[in-house]
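Chemist: I'd like to ask some things about the structure below.
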Amino acid sequence: MSTPTQRWTRFGLALLIGALLLRSRATPAPVPSSAPPGEFSSARAMVHVRAMAERPHPSGSADHARVREYVLASLRALALDPQVQATTAVGTRSPAAAQVQNVLVRLPGRVPGGKALLIVTHYDGVPASPAAGDDGAGAGALLETLRALGAGAPLEHDVIALFTDAEEMGLLGAAAFVREHPWAKDVAITTNFEARGTEGRSMMFETGAGNLDAVRVLSTLDDVTAGSLFVTIYRALPNDTDLSELSLLGTPALNFAFIGGVERYHTTHDDVAHLSEGSLQHSGAQMLALARAFGNRPLPRPTTGDAIFFDLPFVGIVGYPESWGVPLALLVAVLVGALLVLTARRESHTARGVTLGAIGILAAAALAASVAATLGTGIVALHAATGWDGAPQWRALYAGAIALTALAMAAASWALARRWSSAPALHAGALIVWAGLAIVTAQLLPGTSYLFTWPLAAVAVAALVKHAARGARSAAETPSALVAGWVATALALALLVPVIQMTGGYSLPLDGVGAIAIGALVPLLAWLLAPHLESLGGDRRWTSAARIMIGSLVLFGAGAATVRRSGDHPTAENLTYVTTPDADTAWLAAPIAALRTASFTAAALGPSPRLIATSANADSSLRWVSAALGSSGGLAMRGLARTITDAPAVAVVEDSLAGERRLVTLRFTAPPGTLALRVNGDAFVTLVAIDGRAVDGSRFRRPPTALSIAFAAPPDSGFTAVIGFPADSAVSLRLSAMSAGLPATGAPPIPARPAGVVAKGSGDMTVRYRRVELRSLVRP
C-alpha cells in the first residue's frame with residue numbers, strides 16, 4: 001500500500017514530466033488573416049505555401065520557374081523591386097554546380113545602403129516532394145514577414161531577403177550570393193529558416209562563430225526553443241544548410257528549423273495537407289521578431305565569443321559566456337564536496353556507499369544505453385520483417401517504452417545498491433559522477449555543460465538544505481527541504497526531459513544514437529533525483545522497478561499493436577530506370593533492402609529480379625548499372641528492352657600541356673529534361689573549373705576520392721569543365737543524366753503505390769548512362 005508521500009511524489013513527477021513533454025512539442029495557435037497588418041499571420045503565409053507547393057519544383061524544372069515567378073510577383077505586389085541573380089554557382093561544401101537564379105529584394109531602412117540584416121530561405125525542392133515544409137514554409141514566411149515589415153515604420157537598417165536556388169543540389173544559390181553578389185559585403189547578421197519535417201516547434205539549432213551577442217538578442221524574444229547543446233550536436237553532424245555557405249561571410253548567424261514528422265521529410269507527403277500551420281506560425285513569428293530586433297539595433301554587431309545557453313519555461317533564454325563554463329562547474333563541484341563532507345560526518349561506511357553510488361550510476365547508464373540500442377534496432381527490424389513499417393524509429397510510443405525500460409533499470413540498480421549502503425551516501429557518489437561530467441563537458445564540449453552543471457547545482461543545494469535541517473523529525477519533511485527539493489527537481493526535469501525527448505526518436509532515430517541517448521540520460525537523471533527513487537520505493541524498491549517495467553511493456557505492446565504504415569508515417573520506396581547506348585538491355589532497379597515480401601518494390605520488379613550484392617562482384621556486363629546509380633550497395637533489377645536511345649555526351653573544347661600535366665576543357669551536354677548530370681572519373685584527375693569558375697574542394701564535407709561533379713539542370717548548350725591529369729594517362733569518364741519519372745514507353749506497367757508508400761528524394765527517375773574513354777578524344 002503506497003503512502004500519501006509516495007502518491008504525491010508520483011503525481012508531482014507525472015505532472016512535471018507531462019507538462020514538459022507537451023511544451024516541448026507545442027506550437028503557437030495559428031493567427032488568422034484578419035490579424036493587424038503588423039503581425040505575422042500564418043493564414044496569410046499559408047496562401048503563399050499553397051501556391052508554391054502545388055507540385056514538386058526541383059531546381060531547373062518548369063515548376064521551379066513557376067515558383068520563381070510567383071515569388072517575384074508577390075514581391076512586386078508589396079511595392080518592392082526584386083532582382084534575379086542568374087549565374088553559374090560552384091559549391092564549396094560538395095562537388096556540385098548549377099546555373100542558379102536567386103531572388104533578392106532589399107527593404108530600405110531609415111539609413112539605407114549601409115549594413116543590413118540578411119534573411120534567407122530557399123525556394124527549390126527535391127524532385128519527389130511538393131516541398132511545403134522544406135522550404136515552402138520558409139519562403140511563405142519570408143513573404144509574409146516582408147509584408148508585415150512594410151506595414152509598419154521603417155527599421156533603422158536595411159533588410160535583405162534572399163530566396164536561394166539549388167539549395168537541395170548542394171547549397172549552390174547561397175554559394176553564388178557569397179561569391180558574386182555585391183550585397184554580400186553589406187551583410188552584418190544572417191538568419192536562415194529551414195525544415196526537416198512538417199511539424200513541431202521551430203528550433204534555433206545552429207549559429208555562426210562568436211554567438212554570445214546574437215544569443216543575447218535572441219533572448220529578448222518570446223517563446224524560443226534554443227540551446228547550445230543543439231549547436232554542439234549539429235556541428236558534429238554531417239549535415240548542411242545554406243548557412244554552411246553563408247558562414248563564409250564571417251558574420252553572426254542564427255539557423256532555425258522545425259523537425260517534427262521527419263518521416264515525411266523530402267517525400268511526396270511533405271505537402272500542405274501535412275504541414276502544421278502552428279509550426280509555420282512559430283517560425284514566421286520568430287523571423288519577424290528577429291528582423292525588428294536586429295534591424296533596430298546597431299550594425300555591425302559587436303564581436304564576442306561563444307555562449308552557453310538554454311531555454312527555460314517561464315524564463316526564456318539563459319545565456320552566459322563560454323568562458324564561465326569551467327569556473328561554474330568547479331564551483332558546483334565544491335558544493336558537492338561540501339555535501340560529501342557532511343555525509344561522511346553523519347553516515348557510517350560513507351566511503352563504501354559513495355563508491356557504490358558512483359559505480360551504480362555509471363553501470364546503470366552504460367547498461368541501459370546498451371539495452372536501449374538493442375531494443376531500438378530490434379523494433380525497427382521487427383516492423384521491417386512484418387511489413388508493418390510505420391517509421392517506428394521516430395515514434396513517441398517506442399521512445400517512451402525505451403525511456404521507461406531505462407528508468408526501470410535505474411530503479412533496479414538503486415534498489416540493489418541500497419542493500420549495502422544508505423541513501424545519502426549513494427546519492428553523494430552519484431553527484432560526484434555528475435560533478436565529473438560537468439567539469440569534463442565544460443572543458444571539452446562547453447555547449448553541453450549546462451545539462452550537467454545547473455541540475456547538479458540545484459540538487460546539491462537542495463541536499464545541503466536538507467542536511468541543515470538538523471532539528472526536524474525528518475529533514476525531508478521540513479518546508480525548506482521540501483521546497484528546495486522540488487525546485488531542484490523542476491529545474492533538472494526542465495533541462496533534461498526536453499533533451500531526452502528531442503534526441504530520442506525525434507531528431508535522432510531510435511535504431512541508432514537516439515535510443516542510446518535515452519538509455520544513458522534517463523538513469524543519470526534518475527540517480528540525480530535519487531531521493532525521489534527512495535521515496536517512491538520505500539521499503540519495496542524492487543516493486544517500484546517492476547511497476548515501471550510493466551509500464552514499459554504496455555507501451556511496447558501498444559506500439560506493436562498500433563504503429564503501422566500510414567499517410568502520416570509513410571514508407572519510402574523509389575524505382576530507377578537505367579539505360580545506356582552501349583547495352584541492348586535496360587534495367588528497372590531498386591535497393592535490395594526494399595525487396596521485402598509484398599512490398600511495392602517487389603511487385604514492380606516481378607517474381608525473379610536479378611540481384612547484385614555489390615558492384616565489385618557484379619559480372620562485367622552489369623557493373624555499369626551500379627556505376628550509373630553511383631551505388632556500391634546491393635541492387636535488385638529487372639531486365640527490360642531498351643527503348644531510350646539518347647544519352648549524355650562530352651566533347652573536347654581545348655587541350656593543352658602545362659609541363660607534365662594536361663589541361664582539357666570539356667563541354668558536357670545532356671538530354672532535355674535532365675535534372676542533374678553526374679560526372680565521375682579516375683582518382684588522378686583534378687577538377688579545376690566549371691564554366692570558368694574555380695573549384696575549391698578545401699571545405700568539402702566529404703572530399704571525393706576521384707573526379708566527381710554533379711551539375712543541376714544543365715542547359716541545352718551544356719556546361720564546360722576544365723580537368724587536369726598526367727599527360728601520359730588515359731581518362732575514363734562515367735556520365736549519368738538523371739531525369740524525373742519513369743519512361744512512358746518501354747518500362748513495364750508499374751503498380752500504384754499502396755497507401756502509405758511514397759517516393760522520396762529524387763523519387764522515381766530515369767538515368768541515362770554513358771562511359772567515355774577520353775584518350776580517344778584528346779589530340780596528340
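How things are named: the first chain in the C-alpha cells is A, the next is B, and so on; residues count from 1 in each chain; ligands count from 1 in the order shown.
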As a PDB file with all heavy atoms, in the first residue's frame, please: the residues near Gly319 of chain A (cut-off 12 Å, only C-alpha atoms, same-chain neighbours under 6 positions excluded).
Modeler:
ATOM      1  N   ASN A 211      28.852  33.520 -30.912  1.00  0.00           N
ATOM      2  CA  ASN A 211      27.400  33.690 -30.914  1.00  0.00           C
ATOM      3  C   ASN A 211      26.831  34.379 -29.684  1.00  0.00           C
ATOM      4  O   ASN A 211      25.614  34.531 -29.567  1.00  0.00           O
ATOM      5  CB  ASN A 211      26.714  32.329 -31.097  1.00  0.00           C
ATOM      6  CG  ASN A 211      27.085  31.329 -30.006  1.00  0.00           C
ATOM      7  OD1 ASN A 211      27.331  31.682 -28.868  1.00  0.00           O
ATOM      8  ND2 ASN A 211      27.124  30.054 -30.376  1.00  0.00           N
ATOM      9  N   LEU A 212      27.669  34.806 -28.735  1.00  0.00           N
ATOM     10  CA  LEU A 212      27.142  35.349 -27.483  1.00  0.00           C
ATOM     11  C   LEU A 212      26.250  36.560 -27.720  1.00  0.00           C
ATOM     12  O   LEU A 212      25.159  36.663 -27.151  1.00  0.00           O
ATOM     13  CB  LEU A 212      28.296  35.719 -26.549  1.00  0.00           C
ATOM     14  CG  LEU A 212      27.905  36.368 -25.214  1.00  0.00           C
ATOM     15  CD1 LEU A 212      26.996  35.449 -24.411  1.00  0.00           C
ATOM     16  CD2 LEU A 212      29.154  36.724 -24.397  1.00  0.00           C
ATOM     17  N   ASP A 213      26.680  37.487 -28.570  1.00  0.00           N
ATOM     18  CA  ASP A 213      25.857  38.673 -28.816  1.00  0.00           C
ATOM     19  C   ASP A 213      24.547  38.300 -29.487  1.00  0.00           C
ATOM     20  O   ASP A 213      23.473  38.801 -29.111  1.00  0.00           O
ATOM     21  CB  ASP A 213      26.620  39.677 -29.688  1.00  0.00           C
ATOM     22  CG  ASP A 213      25.763  40.858 -30.083  1.00  0.00           C
ATOM     23  OD1 ASP A 213      25.511  41.723 -29.229  1.00  0.00           O
ATOM     24  OD2 ASP A 213      25.312  40.910 -31.247  1.00  0.00           O
ATOM     25  N   ALA A 214      24.593  37.415 -30.491  1.00  0.00           N
ATOM     26  CA  ALA A 214      23.355  37.005 -31.173  1.00  0.00           C
ATOM     27  C   ALA A 214      22.404  36.312 -30.208  1.00  0.00           C
ATOM     28  O   ALA A 214      21.175  36.504 -30.277  1.00  0.00           O
ATOM     29  CB  ALA A 214      23.688  36.084 -32.346  1.00  0.00           C
ATOM     30  N   VAL A 215      22.937  35.526 -29.289  1.00  0.00           N
ATOM     31  CA  VAL A 215      22.095  34.845 -28.309  1.00  0.00           C
ATOM     32  C   VAL A 215      21.460  35.864 -27.364  1.00  0.00           C
ATOM     33  O   VAL A 215      20.292  35.711 -26.961  1.00  0.00           O
ATOM     34  CB  VAL A 215      22.927  33.807 -27.529  1.00  0.00           C
ATOM     35  CG1 VAL A 215      22.181  33.298 -26.304  1.00  0.00           C
ATOM     36  CG2 VAL A 215      23.289  32.638 -28.439  1.00  0.00           C
ATOM     37  N   ARG A 216      22.199  36.904 -27.011  1.00  0.00           N
ATOM     38  CA  ARG A 216      21.617  37.939 -26.147  1.00  0.00           C
ATOM     39  C   ARG A 216      20.433  38.623 -26.830  1.00  0.00           C
ATOM     40  O   ARG A 216      19.427  38.922 -26.183  1.00  0.00           O
ATOM     41  CB  ARG A 216      22.690  38.962 -25.777  1.00  0.00           C
ATOM     42  CG  ARG A 216      23.681  38.451 -24.740  1.00  0.00           C
ATOM     43  CD  ARG A 216      24.855  39.400 -24.586  1.00  0.00           C
ATOM     44  NE  ARG A 216      25.739  38.984 -23.496  1.00  0.00           N
ATOM     45  CZ  ARG A 216      26.995  39.414 -23.344  1.00  0.00           C
ATOM     46  NH1 ARG A 216      27.514  40.287 -24.227  1.00  0.00           N
ATOM     47  NH2 ARG A 216      27.723  38.998 -22.335  1.00  0.00           N
ATOM     48  N   VAL A 217      20.546  38.865 -28.126  1.00  0.00           N
ATOM     49  CA  VAL A 217      19.415  39.444 -28.850  1.00  0.00           C
ATOM     50  C   VAL A 217      18.278  38.433 -28.930  1.00  0.00           C
ATOM     51  O   VAL A 217      17.100  38.774 -28.733  1.00  0.00           O
ATOM     52  CB  VAL A 217      19.851  39.903 -30.263  1.00  0.00           C
ATOM     53  CG1 VAL A 217      18.649  40.420 -31.049  1.00  0.00           C
ATOM     54  CG2 VAL A 217      20.926  40.985 -30.172  1.00  0.00           C
ATOM     55  N   LEU A 218      18.604  37.187 -29.198  1.00  0.00           N
ATOM     56  CA  LEU A 218      17.582  36.140 -29.261  1.00  0.00           C
ATOM     57  C   LEU A 218      16.824  36.033 -27.944  1.00  0.00           C
ATOM     58  O   LEU A 218      15.621  35.750 -27.934  1.00  0.00           O
ATOM     59  CB  LEU A 218      18.243  34.804 -29.607  1.00  0.00           C
ATOM     60  CG  LEU A 218      17.325  33.600 -29.816  1.00  0.00           C
ATOM     61  CD1 LEU A 218      16.450  33.788 -31.050  1.00  0.00           C
ATOM     62  CD2 LEU A 218      18.147  32.318 -29.939  1.00  0.00           C
ATOM     63  N   SER A 219      17.507  36.264 -26.843  1.00  0.00           N
ATOM     64  CA  SER A 219      16.867  36.138 -25.525  1.00  0.00           C
ATOM     65  C   SER A 219      15.798  37.193 -25.294  1.00  0.00           C
ATOM     66  O   SER A 219      15.006  37.070 -24.349  1.00  0.00           O
ATOM     67  CB  SER A 219      17.927  36.221 -24.420  1.00  0.00           C
ATOM     68  OG  SER A 219      18.477  37.528 -24.342  1.00  0.00           O
ATOM     69  N   THR A 220      15.746  38.230 -26.121  1.00  0.00           N
ATOM     70  CA  THR A 220      14.698  39.244 -25.977  1.00  0.00           C
ATOM     71  C   THR A 220      13.383  38.802 -26.613  1.00  0.00           C
ATOM     72  O   THR A 220      12.364  39.472 -26.439  1.00  0.00           O
ATOM     73  CB  THR A 220      15.137  40.580 -26.601  1.00  0.00           C
ATOM     74  OG1 THR A 220      15.310  40.413 -28.023  1.00  0.00           O
ATOM     75  CG2 THR A 220      16.457  41.049 -26.005  1.00  0.00           C
ATOM     76  N   ALA A 226      15.826  26.909 -27.960  1.00  0.00           N
ATOM     77  CA  ALA A 226      17.218  27.012 -28.400  1.00  0.00           C
ATOM     78  C   ALA A 226      18.116  26.438 -27.318  1.00  0.00           C
ATOM     79  O   ALA A 226      17.740  26.366 -26.151  1.00  0.00           O
ATOM     80  CB  ALA A 226      17.591  28.475 -28.673  1.00  0.00           C
ATOM     81  N   GLY A 227      19.297  26.055 -27.703  1.00  0.00           N
ATOM     82  CA  GLY A 227      20.260  25.555 -26.734  1.00  0.00           C
ATOM     83  C   GLY A 227      21.615  25.337 -27.372  1.00  0.00           C
ATOM     84  O   GLY A 227      21.704  24.915 -28.532  1.00  0.00           O
ATOM     85  N   SER A 228      22.659  25.640 -26.633  1.00  0.00           N
ATOM     86  CA  SER A 228      23.999  25.396 -27.155  1.00  0.00           C
ATOM     87  C   SER A 228      24.267  23.913 -27.320  1.00  0.00           C
ATOM     88  O   SER A 228      25.168  23.519 -28.066  1.00  0.00           O
ATOM     89  CB  SER A 228      25.054  26.035 -26.242  1.00  0.00           C
ATOM     90  OG  SER A 228      24.861  25.682 -24.885  1.00  0.00           O
ATOM     91  N   ASP A 306      31.777  32.628 -27.995  1.00  0.00           N
ATOM     92  CA  ASP A 306      30.596  31.778 -27.990  1.00  0.00           C
ATOM     93  C   ASP A 306      29.920  31.802 -26.628  1.00  0.00           C
ATOM     94  O   ASP A 306      30.516  32.187 -25.608  1.00  0.00           O
ATOM     95  CB  ASP A 306      30.971  30.343 -28.351  1.00  0.00           C
ATOM     96  CG  ASP A 306      31.003  30.122 -29.854  1.00  0.00           C
ATOM     97  OD1 ASP A 306      30.385  30.919 -30.581  1.00  0.00           O
ATOM     98  OD2 ASP A 306      31.647  29.153 -30.296  1.00  0.00           O
ATOM     99  N   ALA A 307      28.655  31.365 -26.625  1.00  0.00           N
ATOM    100  CA  ALA A 307      27.851  31.343 -25.404  1.00  0.00           C
ATOM    101  C   ALA A 307      27.460  29.925 -25.051  1.00  0.00           C
ATOM    102  O   ALA A 307      27.364  29.046 -25.917  1.00  0.00           O
ATOM    103  CB  ALA A 307      26.592  32.189 -25.587  1.00  0.00           C
ATOM    104  N   ILE A 308      27.233  29.708 -23.770  1.00  0.00           N
ATOM    105  CA  ILE A 308      26.497  28.545 -23.283  1.00  0.00           C
ATOM    106  C   ILE A 308      25.084  29.043 -23.011  1.00  0.00           C
ATOM    107  O   ILE A 308      24.901  30.046 -22.308  1.00  0.00           O
ATOM    108  CB  ILE A 308      27.127  27.977 -22.006  1.00  0.00           C
ATOM    109  CG1 ILE A 308      28.557  27.499 -22.286  1.00  0.00           C
ATOM    110  CG2 ILE A 308      26.281  26.842 -21.440  1.00  0.00           C
ATOM    111  CD1 ILE A 308      29.322  27.122 -21.031  1.00  0.00           C
ATOM    112  N   PHE A 309      24.088  28.396 -23.589  1.00  0.00           N
ATOM    113  CA  PHE A 309      22.728  28.932 -23.438  1.00  0.00           C
ATOM    114  C   PHE A 309      21.701  27.816 -23.527  1.00  0.00           C
ATOM    115  O   PHE A 309      21.953  26.743 -24.065  1.00  0.00           O
ATOM    116  CB  PHE A 309      22.445  30.004 -24.491  1.00  0.00           C
ATOM    117  CG  PHE A 309      22.540  29.542 -25.919  1.00  0.00           C
ATOM    118  CD1 PHE A 309      21.409  29.159 -26.634  1.00  0.00           C
ATOM    119  CD2 PHE A 309      23.770  29.481 -26.565  1.00  0.00           C
ATOM    120  CE1 PHE A 309      21.497  28.732 -27.943  1.00  0.00           C
ATOM    121  CE2 PHE A 309      23.866  29.051 -27.884  1.00  0.00           C
ATOM    122  CZ  PHE A 309      22.730  28.684 -28.574  1.00  0.00           C
ATOM    123  N   PHE A 310      20.514  28.119 -22.961  1.00  0.00           N
ATOM    124  CA  PHE A 310      19.402  27.168 -22.964  1.00  0.00           C
ATOM    125  C   PHE A 310      18.127  27.947 -22.672  1.00  0.00           C
ATOM    126  O   PHE A 310      18.175  29.097 -22.203  1.00  0.00           O
ATOM    127  CB  PHE A 310      19.610  26.064 -21.924  1.00  0.00           C
ATOM    128  CG  PHE A 310      19.937  26.565 -20.537  1.00  0.00           C
ATOM    129  CD1 PHE A 310      18.927  26.821 -19.617  1.00  0.00           C
ATOM    130  CD2 PHE A 310      21.256  26.793 -20.166  1.00  0.00           C
ATOM    131  CE1 PHE A 310      19.228  27.291 -18.349  1.00  0.00           C
ATOM    132  CE2 PHE A 310      21.568  27.270 -18.889  1.00  0.00           C
ATOM    133  CZ  PHE A 310      20.554  27.512 -17.978  1.00  0.00           C
ATOM    134  N   ASP A 311      16.978  27.335 -22.978  1.00  0.00           N
ATOM    135  CA  ASP A 311      15.715  27.989 -22.669  1.00  0.00           C
ATOM    136  C   ASP A 311      15.027  27.271 -21.521  1.00  0.00           C
ATOM    137  O   ASP A 311      15.125  26.048 -21.383  1.00  0.00           O
ATOM    138  CB  ASP A 311      14.803  28.026 -23.899  1.00  0.00           C
ATOM    139  CG  ASP A 311      14.327  26.648 -24.328  1.00  0.00           C
ATOM    140  OD1 ASP A 311      15.084  25.954 -25.035  1.00  0.00           O
ATOM    141  OD2 ASP A 311      13.202  26.258 -23.962  1.00  0.00           O
ATOM    142  N   LEU A 312      14.371  28.052 -20.674  1.00  0.00           N
ATOM    143  CA  LEU A 312      13.632  27.535 -19.535  1.00  0.00           C
ATOM    144  C   LEU A 312      12.185  28.004 -19.602  1.00  0.00           C
ATOM    145  O   LEU A 312      11.925  29.152 -19.967  1.00  0.00           O
ATOM    146  CB  LEU A 312      14.247  28.028 -18.215  1.00  0.00           C
ATOM    147  CG  LEU A 312      15.444  27.270 -17.659  1.00  0.00           C
ATOM    148  CD1 LEU A 312      15.953  27.961 -16.401  1.00  0.00           C
ATOM    149  CD2 LEU A 312      15.077  25.822 -17.342  1.00  0.00           C
ATOM    150  N   GLY A 325      32.049  28.439 -18.216  1.00  0.00           N
ATOM    151  CA  GLY A 325      31.670  27.045 -18.058  1.00  0.00           C
ATOM    152  C   GLY A 325      32.495  26.301 -17.030  1.00  0.00           C
ATOM    153  O   GLY A 325      31.952  25.657 -16.117  1.00  0.00           O
ATOM    154  N   GLY A 447      29.384  23.702 -24.847  1.00  0.00           N
ATOM    155  CA  GLY A 447      27.983  23.952 -25.167  1.00  0.00           C
ATOM    156  C   GLY A 447      27.024  22.972 -24.531  1.00  0.00           C
ATOM    157  O   GLY A 447      25.828  23.262 -24.391  1.00  0.00           O
ATOM    158  N   TYR A 450      25.869  22.847 -19.605  1.00  0.00           N
ATOM    159  CA  TYR A 450      24.751  23.295 -18.768  1.00  0.00           C
ATOM    160  C   TYR A 450      23.845  22.137 -18.367  1.00  0.00           C
ATOM    161  O   TYR A 450      23.187  22.186 -17.318  1.00  0.00           O
ATOM    162  CB  TYR A 450      23.950  24.377 -19.491  1.00  0.00           C
ATOM    163  CG  TYR A 450      23.117  23.904 -20.657  1.00  0.00           C
ATOM    164  CD1 TYR A 450      21.821  23.417 -20.474  1.00  0.00           C
ATOM    165  CD2 TYR A 450      23.611  23.945 -21.962  1.00  0.00           C
ATOM    166  CE1 TYR A 450      21.061  22.984 -21.550  1.00  0.00           C
ATOM    167  CE2 TYR A 450      22.860  23.519 -23.041  1.00  0.00           C
ATOM    168  CZ  TYR A 450      21.585  23.038 -22.834  1.00  0.00           C
ATOM    169  OH  TYR A 450      20.831  22.607 -23.884  1.00  0.00           O
TER     170      TYR A 450
END
Chemist: Compare A:Gln443, A:Thr543, A:Thr303, A:Thr191 by their minimum atom-to-atom distance to Glu206 of chain A, counting only C-alpha atoms, and give me the closest one.
Modeler: A:Thr191
Chemist: Need the shell around segment 526-535 of chain A: protein/DNA/RNA residues with any atom at most 10 Å away, counting only C-alpha atoms. Skip same-chain ones fewer than 5 positions apart. Format as a PyMOL selection string?
Modeler: chain A and resi 3+5-7+9-10+13+357-358+360-362+364-365+406-415+418+423-424+426-431+433-434+452+455-456+459-460+463+476+485-486+488-489+492-493+521+540-541+544-545
Chemist: Please measure the separation of atom CA of Arg699 of chain A and atom CA of Thr92 of chain A, giving the value in Å to one decimal.
Modeler: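 Result for atom CA of Arg699 of chain A versus atom CA of Thr92 of chain A: 5.7 Å, one decimal.
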Chemist: Would you mind writing down, as JSON, numbers by chain, each residue of segment 495-692 of chain A that DSSP on the backbone assigns to helix (DSSP H, G or I)?
Modeler: {"A": [495, 496, 497, 498, 499, 500, 501, 502, 503, 513, 514, 515, 516, 517, 518, 519, 520, 521, 522, 523, 524, 525, 526, 527, 528, 530, 531, 532, 533, 534, 535, 536, 537, 541, 542, 543, 544, 545, 546, 547, 548, 549, 550, 551, 552, 553, 554, 555, 556, 557, 558, 559, 560, 561, 562, 592, 593, 594, 600, 601, 602, 603, 604, 605, 623, 624, 625, 626, 627, 628, 629]}
Chemist: Write out as a PDB file with C-alpha atoms, in the first residue's frame the set of residues from segment 129-181 of chain A that DSSP, computed on the backbone, places in strand (DSSP E or B).
Modeler:
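out_33.pdb, freshly written:
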ATOM      1  CA  ASP A 158      18.067  47.565 -44.461  1.00  0.00           C
ATOM      2  CA  VAL A 159      16.700  44.032 -44.611  1.00  0.00           C
ATOM      3  CA  ILE A 160      17.930  41.834 -47.465  1.00  0.00           C
ATOM      4  CA  ALA A 161      15.615  38.938 -48.317  1.00  0.00           C
ATOM      5  CA  LEU A 162      17.320  36.114 -50.206  1.00  0.00           C
ATOM      6  CA  PHE A 163      15.355  33.247 -51.761  1.00  0.00           C
ATOM      7  CA  THR A 164      18.152  30.892 -52.788  1.00  0.00           C
TER       8      THR A 164
END
Chemist: Under the rule that only C-alpha atoms are counted, which of A:Glu347, A:Asp716, A:Asp389, A:Asp728 is the nearest residue to Leu677 of chain A?
Modeler: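 Distance minimum relative to Leu677 of chain A lands on A:Asp716.
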Chemist: Could the residues of segment 75-138 of chain A that have an atom at most 7 Å from segment 280-300 of chain A be listed as a tab-separated table, each with its closest atom pair and the distance in Å to one decimal, counting only C-alpha atoms and ordered by chain and ascending residue number?
Modeler:
residue	atom	partner	partner_atom	distance
A:Lys115	CA	A:Leu299	CA	6.1
A:Leu117	CA	A:Gly295	CA	6.5
A:Ala137	CA	A:Leu280	CA	6.1
Chemist: Using only C-alpha atoms, what does the table of segment 141-258 of chain A residues within 12 Å of segment 564-585 of chain A look like, with each row giving the shortest atom pair and its distance in Å to one decimal, sorted by chain and ascending number, as CSV?
Modeler:
residue,atom,partner,partner_atom,distance
A:Gly197,CA,A:Asp568,CA,11.2
A:Thr198,CA,A:Asp568,CA,10.0
A:Glu199,CA,A:Asp568,CA,11.1
Chemist: List as a ChimeraX atom specification the protein and nucleic acid residues near Thr87 of chain A, meaning an atom at most 10 Å away when only C-alpha atoms are counted, but skip any in the same chain fewer than 3 places from it.
Modeler: /A:84,90,98-102,173,176-177,180-181,691
Chemist: Return the single residue from A:Arg693, A:Arg419, A:Arg352, A:Arg678 that is closest to Gly630 of chain A, with distances computed using only C-alpha atoms.
Modeler: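 Counting only C-alpha atoms, the residue closest to Gly630 of chain A is A:Arg678.
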Chemist: Quick one, how far is atom CA of Thr766 of chain A from atom CA of Ser739 of chain A?
Modeler: 5.3 Å
Chemist: Could you pull the residues within 9 Å of Ala481 of chain A, counting only C-alpha atoms, minus those fewer than 2 positions along the same chain, as a list in words?
Modeler: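 Counting only the stated atoms, we get Ala462, Ala463, Leu464, Val465, Lys466, His467, Ala468, Ala469, Ala475, Ala476, Glu477, Thr478, Pro479, Val483, Ala484, Gly485 and Trp486 of chain A.
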Chemist: Please provide as an mmCIF file with N, CA and C atoms, in the first residue's frame all residues within 8 Å of Gly140 of chain A, with the sequence filter that same-chain residues fewer than 5 positions apart are discarded (counting only C-alpha atoms).
Modeler:
data_model
loop_
_atom_site.group_PDB
_atom_site.id
_atom_site.type_symbol
_atom_site.label_atom_id
_atom_site.label_comp_id
_atom_site.auth_asym_id
_atom_site.auth_seq_id
_atom_site.Cartn_x
_atom_site.Cartn_y
_atom_site.Cartn_z
ATOM 1 N N ALA A 45 0.490 33.608 -44.624
ATOM 2 C CA ALA A 45 1.666 32.912 -45.151
ATOM 3 C C ALA A 45 1.278 31.612 -45.844
ATOM 4 N N MET A 46 0.245 30.954 -45.317
ATOM 5 C CA MET A 46 -0.159 29.677 -45.896
ATOM 6 C C MET A 46 -0.694 29.848 -47.317
ATOM 7 N N VAL A 47 -1.224 31.003 -47.638
ATOM 8 C CA VAL A 47 -1.652 31.265 -49.012
ATOM 9 C C VAL A 47 -0.470 31.105 -49.964
ATOM 10 N N HIS A 48 0.680 31.640 -49.571
ATOM 11 C CA HIS A 48 1.884 31.522 -50.395
ATOM 12 C C HIS A 48 2.360 30.072 -50.466
ATOM 13 N N VAL A 49 2.325 29.386 -49.327
ATOM 14 C CA VAL A 49 2.794 27.990 -49.303
ATOM 15 C C VAL A 49 1.947 27.137 -50.233
#
Chemist: Mind pulling up the distance from atom CA of Thr267 of chain A to atom CA of Leu635 of chain A?
Modeler: 21.4 Å
Chemist: If we count only C-alpha atoms and set the cut-off at 8 Å, which residues sit around Leu675 of chain A, ignoring sequence neighbours fewer than 3 positions away in its own chain? Please answer as number ranges by chain.
Modeler: A: 58-61, 712-714, 737-740
Chemist: Would you output that residue set with N, CA, C and O atoms, as a compact mmCIF listing (two decimals), in the first residue's frame?
Modeler:
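And here's out35.txt as it stands now:
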# COMPACT_ATOMS: atom_id res chain seq x y z
N PRO A 58 11.82 20.94 -58.33
CA PRO A 58 13.28 20.92 -58.21
C PRO A 58 13.91 21.98 -59.10
O PRO A 58 13.33 22.42 -60.10
N SER A 59 15.11 22.39 -58.74
CA SER A 59 15.81 23.44 -59.48
C SER A 59 15.95 23.05 -60.95
O SER A 59 16.33 21.93 -61.29
N GLY A 60 15.62 24.01 -61.83
CA GLY A 60 15.73 23.79 -63.26
C GLY A 60 14.49 23.25 -63.92
O GLY A 60 14.41 23.19 -65.15
N SER A 61 13.48 22.86 -63.15
CA SER A 61 12.26 22.31 -63.73
C SER A 61 11.30 23.45 -64.11
O SER A 61 11.45 24.60 -63.69
N ALA A 712 23.45 20.57 -61.75
CA ALA A 712 22.00 20.55 -61.69
C ALA A 712 21.40 21.19 -62.93
O ALA A 712 21.82 22.27 -63.35
N ALA A 713 20.42 20.52 -63.52
CA ALA A 713 19.65 21.03 -64.64
C ALA A 713 20.51 21.73 -65.69
O ALA A 713 20.37 22.92 -65.94
N PRO A 714 21.45 21.01 -66.31
CA PRO A 714 22.31 21.66 -67.31
C PRO A 714 21.49 22.21 -68.47
O PRO A 714 20.51 21.59 -68.90
N ALA A 737 22.96 10.96 -66.56
CA ALA A 737 21.97 12.03 -66.68
C ALA A 737 20.67 11.56 -66.04
O ALA A 737 20.07 10.58 -66.47
N MET A 738 20.23 12.28 -65.00
CA MET A 738 19.05 11.87 -64.23
C MET A 738 17.88 12.77 -64.55
O MET A 738 18.00 13.99 -64.50
N SER A 739 16.74 12.19 -64.85
CA SER A 739 15.51 12.94 -65.10
C SER A 739 14.39 12.33 -64.27
O SER A 739 14.44 11.16 -63.87
N ALA A 740 13.38 13.14 -64.00
CA ALA A 740 12.30 12.72 -63.11
C ALA A 740 11.37 11.73 -63.80
O ALA A 740 11.06 11.85 -64.99
